Amino acid sequence: MQRLGHSDMRDLLDAADFAGLFRRLGWDNPPPILTEVPVDETELVARAVAAKRGVILWVVGCGELPARADQHRVIRTVRRHSRGDLAVFDGPTEQLWLWPEQRPSGVGFRLVDHVYRPGPGNEALLQRIGDASFTVAEEGSLNTPKVLARVRRSFNVERVTKRFYGEFKKQHTKLVDAISGIDRIEDRRWYASVLLNRLMFVYFVQRKGFLAGDTDYLRNRLRRVQKNRGGGGDTCSQFFVEFLLPLFHEGLGSPAPRYAEEAVRDLVGSVPYVNGGIFERHSLEQEHQIDIADDVFEGLFDFFGRWRWHLDERPSGDPTDINPDILGYIFEQYVNQRAQGAYYTKPDVTEFMTTAVVIPAVVNRLGAAGLDDPSVLLARSGDDYLWDSLGFGRDIDLPDDTPPSEYPEAERNLAFSRPTD
């Protein structure tokens with residue numbers, strides 16, 4: 001099979017001919033029973049247009065791209081019908097391609113986004129789509145894990161995160177070298193991580209205009225401090241002590257801020273109280289008199305300023321997009337300081353832990369309140385909660401003239417999936 005060129009792929013995508021595109025990429029027709037799947041609590045309908053060894057491409061036509069919660073609802077719905085999914089939300093002006101990446105624990109998934117806008121360009125996404133193709137020569141050796149692995153390699157690459165992280169490491173090193181007042185290098189690295197995560201949090205918040213109505217709040221406050229200082233070299237360090245620490249501990253970290261001077265209150269301005277501990281006085285701040293030169297923050301804000309910080313989870317297609325997910329990635333890389341009591345717990349771990357604790361607690365409370373045991377209700381539900389894909393092959397009888405022992409795996413699968421009387 002000749003590899004499909006980007007120009008041909010672009011023509012098919014511009015025409016929203018997803019079925020034609022994936023046929024030419026070596027995919028097969030989907031099972032007829034899965035032509036359309038309505039999504040509960042929405043007006044959305046997922047349409048299966050191509051399949052490969054149980055992995056299905058779903059297309060959802062929509063007047064506008066749905067909210068993230070509805071995107072998750074679509075994925076949860078279609079996953080009941082297939083062994084792997086790639087979803088495309090086909091809007092009037094753009095297409096949103098979603099790959100649901102399973103979390104390492106096996107509990108839940110996160111959505112990896114790719115945007116296609118009709119017309120020239122889109123080279124990165126076209127490359128990903130082309131990499132998810134299959135040839136006639138490999139048909140005999142294909143199975144579900146192999147197909148899933150190829151699609152995952154194609155659509156799970158997060159270049160923005162890696163590019164940001166590569167530059168972030170350089171800024172972290174500069175900040176570590178610039179911190180004065182802390183002798184141990186391990187403690188300086190720890191505090192640099194704490195400070196950078198605070199500043200990244202502030203960048204997301206300021207872009208929404210929540211900090212004194214200023215979407216470039218940090219940089220403008222740095223300029224005000226430098227102007228009030230009336231000169232001096234780049235090695236001056238008033239910004240950290242006179243502004244950042246009061247902003248963290250009083251402005252953002254206290255429900256009732258008490259500033260040492262009225263001028264500091266005016267400089268900080270109207271900012272919200274952020275509960276959660278990120279801006280509380282750190283143990284290193286309690287034990288050391290820390291100082292950092294202003295020029296370090298100028299370089300850091302130049303770096304942050306090259307990215308588009310936004311809390312909206314719907315992608316814009318901008319290659320400089322940064323969303324809150326990156327905070328978890330950065331936190332995981334730099335804040336694992338177990339010896340000092342700071343350890344980042346991944347979302348899949350916390351999800352598993354809370355599920356294991358909350359669900360049994362809810363079940364126990366229902367029983368204590370005199371309500372039916374959910375396990376009894378589940379047993380009476382028939383196959384309402386059994387995914388259709390788990391019943392694959394249930395309508396196929398074993399050959400009467402073949403001893404079951406020659407096909408032990410098929411016998412076990414059919415025995416499991418065959419309904420009982």
# chains A, B, ... in the order shown; residues from 1 in each chain; ligands from 1
call {"tool": "residues_around", "arguments": {"residues": "A:Leu25", "least_positions_apart": "2", "cutoff": "9 Å", "atoms": "only C-alpha atoms", "output": "VMD selection string"}}
result
chain A and resid 1 3 to 4 20 to 23 27 129 to 130 132 to 135
call {"tool": "closest_atom_pairs", "arguments": {"of": "stretch 92-138 of chain A", "to": "stretch 160-180 of chain A", "cutoff": "12 Å", "atoms": "only C-alpha atoms", "output": "Markdown table"}}
result
| residue | atom | partner | partner_atom | distance |
| --- | --- | --- | --- | --- |
| A:Val112 | CA | A:Thr161 | CA | 11.6 |
| A:Asp113 | CA | A:Val160 | CA | 11.5 |
| A:His114 | CA | A:Val160 | CA | 11.6 |
call {"tool": "write_last_selection", "arguments": {"atoms": "N, CA, C and O atoms", "output": "PDB file, in the first residue's frame"}}
result
ATOM      1  N   VAL A 112      -5.889  13.591  25.410  1.00  0.00           N
ATOM      2  CA  VAL A 112      -4.816  14.266  24.686  1.00  0.00           C
ATOM      3  C   VAL A 112      -5.438  14.880  23.430  1.00  0.00           C
ATOM      4  O   VAL A 112      -6.079  14.182  22.642  1.00  0.00           O
ATOM      5  N   ASP A 113      -5.265  16.198  23.261  1.00  0.00           N
ATOM      6  CA  ASP A 113      -5.952  16.948  22.213  1.00  0.00           C
ATOM      7  C   ASP A 113      -5.075  17.219  20.995  1.00  0.00           C
ATOM      8  O   ASP A 113      -3.882  17.475  21.134  1.00  0.00           O
ATOM      9  N   HIS A 114      -5.710  17.228  19.835  1.00  0.00           N
ATOM     10  CA  HIS A 114      -5.079  17.689  18.601  1.00  0.00           C
ATOM     11  C   HIS A 114      -6.151  18.397  17.786  1.00  0.00           C
ATOM     12  O   HIS A 114      -7.269  17.892  17.653  1.00  0.00           O
TER      13      HIS A 114
END
call {"tool": "residues_around", "arguments": {"residues": "stretch 283-292 of chain A", "least_positions_apart": "3", "cutoff": "8 Å", "atoms": "only C-alpha atoms", "output": "VMD selection string"}}
result
chain A and resid 178 to 182 187 191 237 240 to 241 296
call {"tool": "select_by_dssp", "arguments": {"residues": "stretch 78-291 of chain A", "states": "helix (DSSP H, G or I)", "output": "ChimeraX atom specification"}}
result
/A:78,123-131,136-141,144-155,159-178,185-207,217-229,238-252,262-268,283-287
call {"tool": "select_by_dssp", "arguments": {"residues": "stretch 109-277 of chain A", "states": "strand (DSSP E or B)", "output": "PyMOL selection string"}}
result
chain A and resi 109-116+180
call {"tool": "write_last_selection", "arguments": {"atoms": "C-alpha atoms", "output": "tab-separated table (two decimals), in the first residue's frame"}}
result
chain	number	residue	atom	x	y	z
A	109	PHE	CA	-7.94	8.37	31.54
A	110	ARG	CA	-6.88	11.82	30.41
A	111	LEU	CA	-7.67	13.33	27.03
A	112	VAL	CA	-4.82	14.27	24.69
A	113	ASP	CA	-5.95	16.95	22.21
A	114	HIS	CA	-5.08	17.69	18.60
A	115	VAL	CA	-6.82	20.36	16.51
A	116	TYR	CA	-7.30	20.39	12.73
A	180	SER	CA	20.88	33.62	48.78
call {"tool": "closest_residue", "arguments": {"among": "A:Tyr203, A:Trp190, A:Trp97, A:Trp58", "to": "A:Trp309", "atoms": "only C-alpha atoms"}}
result
A:Tyr203
call {"tool": "closest_residue", "arguments": {"among": "A:Ala19, A:Ile75, A:Ala379, A:Leu57", "to": "A:Val39", "atoms": "only C-alpha atoms"}}
result
A:Ile75
call {"tool": "closest_residue", "arguments": {"among": "A:Ser375, A:Thr93, A:Thr215, A:Asn29", "to": "A:Ile359", "atoms": "only C-alpha atoms"}}
result
A:Ser375
